[in-house]
Amino acid sequence: MAEQIDPSKIDFIKVMPDNSCITTVPYIQIVLPQKYFDNNICEFVGKNVNTFGLFEVRVFRTEDYETETPEKYFFKFKGMFMCTPSSVTEEKVKIESLSEGDTIETNVILEFTEGATFITSTVIQSDVNVARRMLDFMTLGYLPNILDYKEIAKYWADVNVSNGIKLGEMSQTSIELIVSELCRDPKDYSRSFRKRIKSDPKVDTKSWKLLSTKMIPRYTSVFASLTSGDPKGNLVSMISKERSGKKQYATPLEDNLN
């Protein structure tokens with residue numbers, strides 16, 4: 001099963017007879033966090049880059065792109081595709097976090113001048129490994145805040161189906177449960193974003209904070225911390241939480257044991 005990228009919906013690229021797409025504006029950037037490459041979500045393949053289709057695009061429509069404020073778009077393709085950037089640079093960005101404080105991270109910037117190959121082929125073959133990379137996106141806490149909270153579970157399920165993974169009703173329910181647990185209130189990581197929406201219907205539904213599976217136990221209970229993949233780090237966090245009198249949340253396993 002192959003999925004077709006529809007270039008007609010994107011006005012800064014043009015489809016060619018060989019099904020590739022070239023850029024039609026002076027300058028374009030694709031923004032990819034370095035951690036995507038570190039964890040095999042994206043990869044360099046010779047002069048090409050094989051990337052998951054969920055990222056920010058900056059479009060510069062004049063020759064004066066060094067001073068121009070770019071238009072920003074969010075690419076939401078349900079799979080991997082190959083592109084051929086004119087050059088590659090880096091930028092440093094500040095990331096805010098309640099758990100670790102502000103940190104500086106690196107973005108890889110794929111640069112495309114006019115006429116560069118933005119997409120090597122608009123026909124993308126299905127690949128079960130794409131579903132595995134989507135799982136990495138979620139469990140590592142890397143999914144970017146491009147999707148509305150209510151879109152995440154459907155997008156994940158669509159990625160699986162587009163790449164040959166058949167989902168039953170129970171599997172879809174599992175995806176929704178995982179999304180519900182990993183997406184946290186950005187002001188209080190101990191609370192799910194789902195509960196934040198219920199208590200504050202006006203909240204920006206793209207403001208969720210995705211935590212990795214290793215981080216979640218730090219914000220639930222001491223028991224969960226001890227049974228997690230990082231018991232030492234999580235236990236330190238939970239001791240601090242205990243001393244400060246913050247609420248702890250029992251896990252289903254604890255309820256059964258009691």
# chains A, B, ... in the order shown; residues from 1 in each chain; ligands from 1
>>> closest_atom_pairs(of="region 59-117 of chain A", to="region 24-38 of chain A", cutoff="6 Å", atoms="only C-alpha atoms", output="tab-separated table")
residue	atom	partner	partner_atom	distance
A:Val59	CA	A:Ile28	CA	4.7
A:Phe60	CA	A:Tyr27	CA	5.2
A:Arg61	CA	A:Val25	CA	5.4
A:Glu63	CA	A:Pro26	CA	5.9
A:Thr106	CA	A:Gln34	CA	5.6
A:Asn107	CA	A:Pro33	CA	4.2
A:Val108	CA	A:Leu32	CA	5.1
A:Ile109	CA	A:Val31	CA	5.0
A:Leu110	CA	A:Ile30	CA	5.0
A:Glu111	CA	A:Gln29	CA	4.8
A:Phe112	CA	A:Ile28	CA	5.0
A:Thr113	CA	A:Tyr27	CA	4.6
A:Glu114	CA	A:Pro26	CA	4.7
>>> write_last_selection(atoms="C-alpha atoms", output="compact mmCIF listing (two decimals), in the first residue's frame")
# COMPACT_ATOMS: atom_id res chain seq x y z
CA VAL A 59 9.14 29.45 3.66
CA PHE A 60 10.95 32.58 2.42
CA ARG A 61 9.33 34.08 -0.68
CA GLU A 63 15.52 37.01 -2.27
CA THR A 106 20.10 21.59 18.66
CA ASN A 107 17.93 21.65 15.55
CA VAL A 108 19.19 20.38 12.20
CA ILE A 109 18.14 22.83 9.47
CA LEU A 110 17.71 21.40 5.99
CA GLU A 111 18.10 24.29 3.53
CA PHE A 112 16.55 24.32 0.05
CA THR A 113 17.23 26.97 -2.58
CA GLU A 114 14.90 27.44 -5.54
>>> residues_around(residues="Ala131 (chain A)", least_positions_apart="6", cutoff="12 Å", atoms="only C-alpha atoms", output="list in words")
Ile41, Phe52, Lys78, Gly79, Met80, Phe137, Met138, Tyr155, Trp156, Ala157, Asp158, Val159, Asn160, Val161, Ser162, Asn163, Gly164, Ile165, Lys166 and Leu167 of chain A
>>> write_last_selection(atoms="N, CA and C atoms", output="PDB file, in the first residue's frame")
ATOM      1  N   ILE A  41      14.971   8.302  14.087  1.00  0.00           N
ATOM      2  CA  ILE A  41      13.674   8.718  13.558  1.00  0.00           C
ATOM      3  C   ILE A  41      13.882   9.370  12.191  1.00  0.00           C
ATOM      4  N   PHE A  52      10.825  11.464   8.901  1.00  0.00           N
ATOM      5  CA  PHE A  52       9.416  11.263   9.214  1.00  0.00           C
ATOM      6  C   PHE A  52       8.674  12.541   8.829  1.00  0.00           C
ATOM      7  N   LYS A  78       1.808  11.059   6.820  1.00  0.00           N
ATOM      8  CA  LYS A  78       1.765   9.855   7.656  1.00  0.00           C
ATOM      9  C   LYS A  78       2.786   8.814   7.200  1.00  0.00           C
ATOM     10  N   GLY A  79       4.062   9.186   7.205  1.00  0.00           N
ATOM     11  CA  GLY A  79       5.081   8.230   6.810  1.00  0.00           C
ATOM     12  C   GLY A  79       6.435   8.898   6.654  1.00  0.00           C
ATOM     13  N   MET A  80       7.375   8.167   6.042  1.00  0.00           N
ATOM     14  CA  MET A  80       8.715   8.670   5.774  1.00  0.00           C
ATOM     15  C   MET A  80       8.808   9.105   4.320  1.00  0.00           C
ATOM     16  N   PHE A 137       8.509   7.984  18.479  1.00  0.00           N
ATOM     17  CA  PHE A 137       8.092   9.372  18.639  1.00  0.00           C
ATOM     18  C   PHE A 137       7.336   9.555  19.957  1.00  0.00           C
ATOM     19  N   MET A 138       6.422   8.620  20.232  1.00  0.00           N
ATOM     20  CA  MET A 138       5.575   8.734  21.410  1.00  0.00           C
ATOM     21  C   MET A 138       6.313   8.348  22.687  1.00  0.00           C
ATOM     22  N   TYR A 155      -4.074  10.218  14.212  1.00  0.00           N
ATOM     23  CA  TYR A 155      -2.879  10.300  13.373  1.00  0.00           C
ATOM     24  C   TYR A 155      -2.021   9.042  13.545  1.00  0.00           C
ATOM     25  N   TRP A 156      -1.811   8.638  14.793  1.00  0.00           N
ATOM     26  CA  TRP A 156      -1.011   7.443  15.092  1.00  0.00           C
ATOM     27  C   TRP A 156      -1.638   6.206  14.454  1.00  0.00           C
ATOM     28  N   ALA A 157      -2.953   6.056  14.600  1.00  0.00           N
ATOM     29  CA  ALA A 157      -3.641   4.908  14.005  1.00  0.00           C
ATOM     30  C   ALA A 157      -3.533   4.938  12.481  1.00  0.00           C
ATOM     31  N   ASP A 158      -3.657   6.135  11.883  1.00  0.00           N
ATOM     32  CA  ASP A 158      -3.553   6.271  10.423  1.00  0.00           C
ATOM     33  C   ASP A 158      -2.154   5.906   9.934  1.00  0.00           C
ATOM     34  N   VAL A 159      -1.126   6.274  10.693  1.00  0.00           N
ATOM     35  CA  VAL A 159       0.241   5.902  10.337  1.00  0.00           C
ATOM     36  C   VAL A 159       0.366   4.386  10.294  1.00  0.00           C
ATOM     37  N   ASN A 160      -0.177   3.724  11.300  1.00  0.00           N
ATOM     38  CA  ASN A 160      -0.110   2.261  11.342  1.00  0.00           C
ATOM     39  C   ASN A 160      -0.829   1.634  10.149  1.00  0.00           C
ATOM     40  N   VAL A 161      -2.038   2.092   9.868  1.00  0.00           N
ATOM     41  CA  VAL A 161      -2.825   1.527   8.770  1.00  0.00           C
ATOM     42  C   VAL A 161      -2.146   1.793   7.426  1.00  0.00           C
ATOM     43  N   SER A 162      -1.619   3.013   7.233  1.00  0.00           N
ATOM     44  CA  SER A 162      -0.963   3.373   5.975  1.00  0.00           C
ATOM     45  C   SER A 162       0.284   2.537   5.715  1.00  0.00           C
ATOM     46  N   ASN A 163       0.835   1.970   6.788  1.00  0.00           N
ATOM     47  CA  ASN A 163       2.071   1.200   6.645  1.00  0.00           C
ATOM     48  C   ASN A 163       1.889  -0.280   6.962  1.00  0.00           C
ATOM     49  N   GLY A 164       0.669  -0.763   6.718  1.00  0.00           N
ATOM     50  CA  GLY A 164       0.418  -2.196   6.753  1.00  0.00           C
ATOM     51  C   GLY A 164       0.152  -2.803   8.102  1.00  0.00           C
ATOM     52  N   ILE A 165      -0.074  -1.978   9.141  1.00  0.00           N
ATOM     53  CA  ILE A 165      -0.379  -2.503  10.464  1.00  0.00           C
ATOM     54  C   ILE A 165      -1.888  -2.460  10.663  1.00  0.00           C
ATOM     55  N   LYS A 166      -2.516  -3.619  10.823  1.00  0.00           N
ATOM     56  CA  LYS A 166      -3.957  -3.670  10.998  1.00  0.00           C
ATOM     57  C   LYS A 166      -4.312  -3.529  12.470  1.00  0.00           C
ATOM     58  N   LEU A 167      -5.258  -2.626  12.732  1.00  0.00           N
ATOM     59  CA  LEU A 167      -5.658  -2.358  14.107  1.00  0.00           C
ATOM     60  C   LEU A 167      -7.048  -2.908  14.391  1.00  0.00           C
TER      61      LEU A 167
END
>>> atom_distance(atom1="CA of Lys9 (chain A)", atom2="CA of Ser87 (chain A)")
25.2 Å
>>> closest_atom_pairs(of="region 27-111 of chain A", to="region 119-123 of chain A", cutoff="8 Å", atoms="only C-alpha atoms", output="Markdown table")
| residue | atom | partner | partner_atom | distance |
| --- | --- | --- | --- | --- |
| A:Phe81 | CA | A:Ile119 | CA | 7.0 |
| A:Met82 | CA | A:Thr120 | CA | 5.6 |
| A:Cys83 | CA | A:Ile119 | CA | 4.6 |
| A:Thr84 | CA | A:Thr120 | CA | 7.2 |
>>> select_by_dssp(residues="region 2-204 of chain A", states="alpha helix (DSSP H)", output="PyMOL selection string")
chain A and resi 34-38+128-139+149-162+169-182+193-199
>>> atom_distance(atom1="CA of Ile216 (chain A)", atom2="CA of Lys150 (chain A)")
20.3 Å
>>> select_by_dssp(residues="region 23-194 of chain A", states="strand (DSSP E)", output="compact mmCIF listing (two decimals) with N, CA and C atoms, in the first residue's frame")
# COMPACT_ATOMS: atom_id res chain seq x y z
N THR A 23 11.46 22.91 -5.26
CA THR A 23 11.00 24.13 -4.61
C THR A 23 10.83 25.24 -5.64
N TYR A 27 13.89 30.28 -0.97
CA TYR A 27 14.56 29.61 0.14
C TYR A 27 13.53 28.95 1.05
N ILE A 28 13.81 27.72 1.46
CA ILE A 28 12.95 26.97 2.38
C ILE A 28 13.83 26.26 3.41
N GLN A 29 13.33 26.16 4.62
CA GLN A 29 13.99 25.39 5.67
C GLN A 29 13.05 24.32 6.20
N ILE A 30 13.57 23.12 6.41
CA ILE A 30 12.89 22.08 7.19
C ILE A 30 13.62 21.99 8.52
N VAL A 31 12.86 22.04 9.63
CA VAL A 31 13.45 22.05 10.96
C VAL A 31 13.27 20.68 11.61
N LEU A 32 14.39 20.03 11.93
CA LEU A 32 14.36 18.69 12.54
C LEU A 32 15.26 18.68 13.78
N PRO A 33 14.73 18.36 14.94
CA PRO A 33 15.58 18.27 16.14
C PRO A 33 16.69 17.24 15.97
N GLU A 43 17.31 10.11 9.24
CA GLU A 43 18.67 9.63 8.94
C GLU A 43 19.19 10.25 7.65
N PHE A 44 20.49 10.42 7.60
CA PHE A 44 21.16 10.85 6.37
C PHE A 44 21.44 9.61 5.53
N VAL A 45 21.10 9.70 4.24
CA VAL A 45 21.37 8.63 3.29
C VAL A 45 22.12 9.26 2.12
N ASN A 48 21.05 12.66 0.64
CA ASN A 48 19.63 12.78 0.95
C ASN A 48 19.38 12.67 2.46
N VAL A 49 18.17 13.06 2.84
CA VAL A 49 17.72 12.89 4.22
C VAL A 49 16.40 12.15 4.18
N ASN A 50 16.33 11.05 4.92
CA ASN A 50 15.09 10.28 5.05
C ASN A 50 14.44 10.72 6.35
N THR A 51 13.27 11.34 6.27
CA THR A 51 12.68 11.95 7.45
C THR A 51 11.23 11.54 7.64
N PHE A 52 10.82 11.46 8.90
CA PHE A 52 9.42 11.26 9.21
C PHE A 52 8.67 12.54 8.83
N GLY A 53 7.46 12.37 8.30
CA GLY A 53 6.75 13.51 7.72
C GLY A 53 5.98 14.38 8.69
N LEU A 54 6.59 14.72 9.82
CA LEU A 54 5.93 15.56 10.82
C LEU A 54 6.95 16.58 11.32
N PHE A 55 6.89 17.79 10.75
CA PHE A 55 7.91 18.78 11.09
C PHE A 55 7.47 20.19 10.68
N GLU A 56 8.24 21.17 11.11
CA GLU A 56 7.99 22.57 10.76
C GLU A 56 8.74 22.93 9.48
N VAL A 57 8.07 23.70 8.60
CA VAL A 57 8.68 24.21 7.38
C VAL A 57 8.63 25.74 7.42
N ARG A 58 9.76 26.36 7.11
CA ARG A 58 9.83 27.83 7.03
C ARG A 58 10.02 28.21 5.57
N VAL A 59 9.14 29.07 5.07
CA VAL A 59 9.14 29.45 3.66
C VAL A 59 9.49 30.93 3.51
N PHE A 60 10.52 31.21 2.70
CA PHE A 60 10.95 32.58 2.42
C PHE A 60 10.64 32.86 0.94
N GLU A 71 7.22 32.50 6.47
CA GLU A 71 5.93 31.88 6.74
C GLU A 71 6.22 30.50 7.33
N LYS A 72 5.44 30.10 8.31
CA LYS A 72 5.67 28.81 8.96
C LYS A 72 4.50 27.87 8.71
N TYR A 73 4.83 26.66 8.30
CA TYR A 73 3.83 25.62 8.05
C TYR A 73 4.21 24.36 8.82
N PHE A 74 3.22 23.54 9.07
CA PHE A 74 3.49 22.26 9.72
C PHE A 74 3.13 21.13 8.75
N PHE A 75 4.13 20.33 8.41
CA PHE A 75 3.96 19.21 7.50
C PHE A 75 3.43 18.03 8.28
N LYS A 76 2.37 17.39 7.80
CA LYS A 76 1.73 16.28 8.52
C LYS A 76 1.51 15.10 7.59
N PHE A 77 2.58 14.52 7.11
CA PHE A 77 2.46 13.34 6.25
C PHE A 77 2.61 12.08 7.10
N LYS A 78 1.81 11.06 6.82
CA LYS A 78 1.76 9.85 7.66
C LYS A 78 2.79 8.81 7.20
N GLY A 79 4.06 9.19 7.21
CA GLY A 79 5.08 8.23 6.81
C GLY A 79 6.43 8.90 6.65
N MET A 80 7.38 8.17 6.04
CA MET A 80 8.72 8.67 5.77
C MET A 80 8.81 9.11 4.32
N PHE A 81 9.67 10.07 4.04
CA PHE A 81 9.98 10.39 2.65
C PHE A 81 11.39 10.95 2.57
N MET A 82 11.92 10.96 1.36
CA MET A 82 13.30 11.38 1.12
C MET A 82 13.33 12.77 0.51
N CYS A 83 14.27 13.59 0.95
CA CYS A 83 14.48 14.91 0.35
C CYS A 83 15.97 15.13 0.12
N SER A 87 21.83 22.39 1.39
CA SER A 87 22.85 22.42 2.43
C SER A 87 22.19 22.11 3.77
N VAL A 88 23.03 21.87 4.78
CA VAL A 88 22.53 21.54 6.12
C VAL A 88 23.28 22.39 7.15
N THR A 89 22.53 23.03 8.05
CA THR A 89 23.13 23.82 9.12
C THR A 89 22.48 23.42 10.45
N GLU A 90 22.83 24.16 11.51
CA GLU A 90 22.25 23.89 12.82
C GLU A 90 21.82 25.20 13.47
N GLU A 91 20.92 25.09 14.43
CA GLU A 91 20.54 26.23 15.26
C GLU A 91 20.34 25.74 16.69
N LYS A 92 20.56 26.62 17.64
CA LYS A 92 20.35 26.30 19.04
C LYS A 92 19.03 26.93 19.49
N VAL A 93 18.24 26.17 20.26
CA VAL A 93 16.96 26.67 20.75
C VAL A 93 16.84 26.37 22.24
N LYS A 94 16.13 27.25 22.95
CA LYS A 94 15.90 27.05 24.37
C LYS A 94 14.59 26.30 24.56
N ILE A 95 14.64 25.19 25.33
CA ILE A 95 13.47 24.37 25.60
C ILE A 95 13.12 24.51 27.08
N THR A 103 16.66 24.15 28.96
CA THR A 103 17.82 23.49 28.35
C THR A 103 18.01 24.01 26.94
N ILE A 104 19.22 23.87 26.44
CA ILE A 104 19.53 24.27 25.06
C ILE A 104 19.65 23.02 24.21
N GLU A 105 18.85 22.96 23.15
CA GLU A 105 18.90 21.81 22.24
C GLU A 105 19.26 22.27 20.84
N THR A 106 19.66 21.31 20.02
CA THR A 106 20.10 21.59 18.66
C THR A 106 19.06 21.15 17.65
N ASN A 107 18.76 22.02 16.70
CA ASN A 107 17.93 21.65 15.55
C ASN A 107 18.81 21.52 14.32
N VAL A 108 18.55 20.52 13.51
CA VAL A 108 19.19 20.38 12.20
C VAL A 108 18.31 21.12 11.19
N ILE A 109 18.89 22.04 10.45
CA ILE A 109 18.14 22.83 9.47
C ILE A 109 18.50 22.36 8.07
N LEU A 110 17.52 21.78 7.38
CA LEU A 110 17.71 21.40 5.99
C LEU A 110 17.35 22.60 5.13
N GLU A 111 18.30 23.08 4.33
CA GLU A 111 18.10 24.29 3.53
C GLU A 111 17.89 23.94 2.06
N PHE A 112 16.88 24.57 1.45
CA PHE A 112 16.55 24.32 0.05
C PHE A 112 16.50 25.66 -0.69
N THR A 113 17.34 25.80 -1.71
CA THR A 113 17.23 26.97 -2.58
C THR A 113 16.26 26.65 -3.72
N THR A 117 15.47 19.66 -4.76
CA THR A 117 14.51 18.55 -4.65
C THR A 117 13.98 18.46 -3.22
N PHE A 118 12.75 18.93 -3.06
CA PHE A 118 12.11 18.92 -1.74
C PHE A 118 11.62 17.52 -1.40
N ILE A 119 11.13 16.78 -2.38
CA ILE A 119 10.67 15.40 -2.21
C ILE A 119 11.17 14.59 -3.40
N VAL A 123 5.31 9.29 -4.38
CA VAL A 123 4.72 7.98 -4.08
C VAL A 123 5.57 7.31 -3.00
N ILE A 124 4.99 7.14 -1.84
CA ILE A 124 5.71 6.60 -0.70
C ILE A 124 5.21 5.18 -0.41
N GLN A 125 6.11 4.20 -0.48
CA GLN A 125 5.74 2.82 -0.22
C GLN A 125 5.54 2.58 1.28
N CYS A 183 0.52 12.45 27.36
CA CYS A 183 0.30 13.89 27.18
C CYS A 183 -0.10 14.49 28.53
N ARG A 184 0.74 15.41 29.03
CA ARG A 184 0.54 15.95 30.37
C ARG A 184 0.20 17.44 30.33
N ASP A 185 -0.36 17.89 31.43
CA ASP A 185 -0.63 19.32 31.62
C ASP A 185 0.71 20.05 31.66
N ASP A 188 1.51 21.27 35.13
CA ASP A 188 1.54 20.29 36.22
C ASP A 188 1.66 18.90 35.61
N TYR A 189 2.88 18.38 35.55
CA TYR A 189 3.12 17.10 34.88
C TYR A 189 2.45 15.92 35.57
N SER A 190 2.01 16.09 36.82
CA SER A 190 1.35 14.99 37.51
C SER A 190 -0.09 14.81 37.03
N ARG A 191 -0.58 15.75 36.24
CA ARG A 191 -1.95 15.68 35.73
C ARG A 191 -1.96 15.49 34.23
N SER A 192 -2.82 14.61 33.74
CA SER A 192 -2.91 14.39 32.30
C SER A 192 -3.52 15.61 31.62
>>> closest_residue(among="A:Ala116, A:Cys42, A:Val128, A:Ile178", to="Lys14 (chain A)", atoms="only C-alpha atoms")
A:Ala116
>>> atom_distance(atom1="CA of Ile146 (chain A)", atom2="CA of Thr205 (chain A)")
10.4 Å
>>> residues_around(residues="Pro186 (chain A)", least_positions_apart="6", cutoff="9 Å", atoms="only C-alpha atoms", output="PyMOL selection string")
chain A and resi 97-98+193+207-210
>>> write_last_selection(atoms="C-alpha atoms", output="compact mmCIF listing (two decimals), in the first residue's frame")
# COMPACT_ATOMS: atom_id res chain seq x y z
CA SER A 97 10.77 22.13 31.08
CA LEU A 98 9.25 21.90 34.56
CA PHE A 193 -3.73 16.91 29.60
CA SER A 207 -0.20 23.07 24.41
CA TRP A 208 0.12 19.48 25.74
CA LYS A 209 3.49 18.34 27.05
CA LEU A 210 4.55 14.86 25.91
>>> closest_residue(among="A:Asp136, A:Asp102, A:Asp148, A:Glu66", to="Ile197 (chain A)", atoms="only C-alpha atoms")
A:Asp148
>>> closest_residue(among="A:Tyr65, A:Lys187, A:Leu140, A:Glu151", to="Glu96 (chain A)", atoms="only C-alpha atoms")
A:Lys187
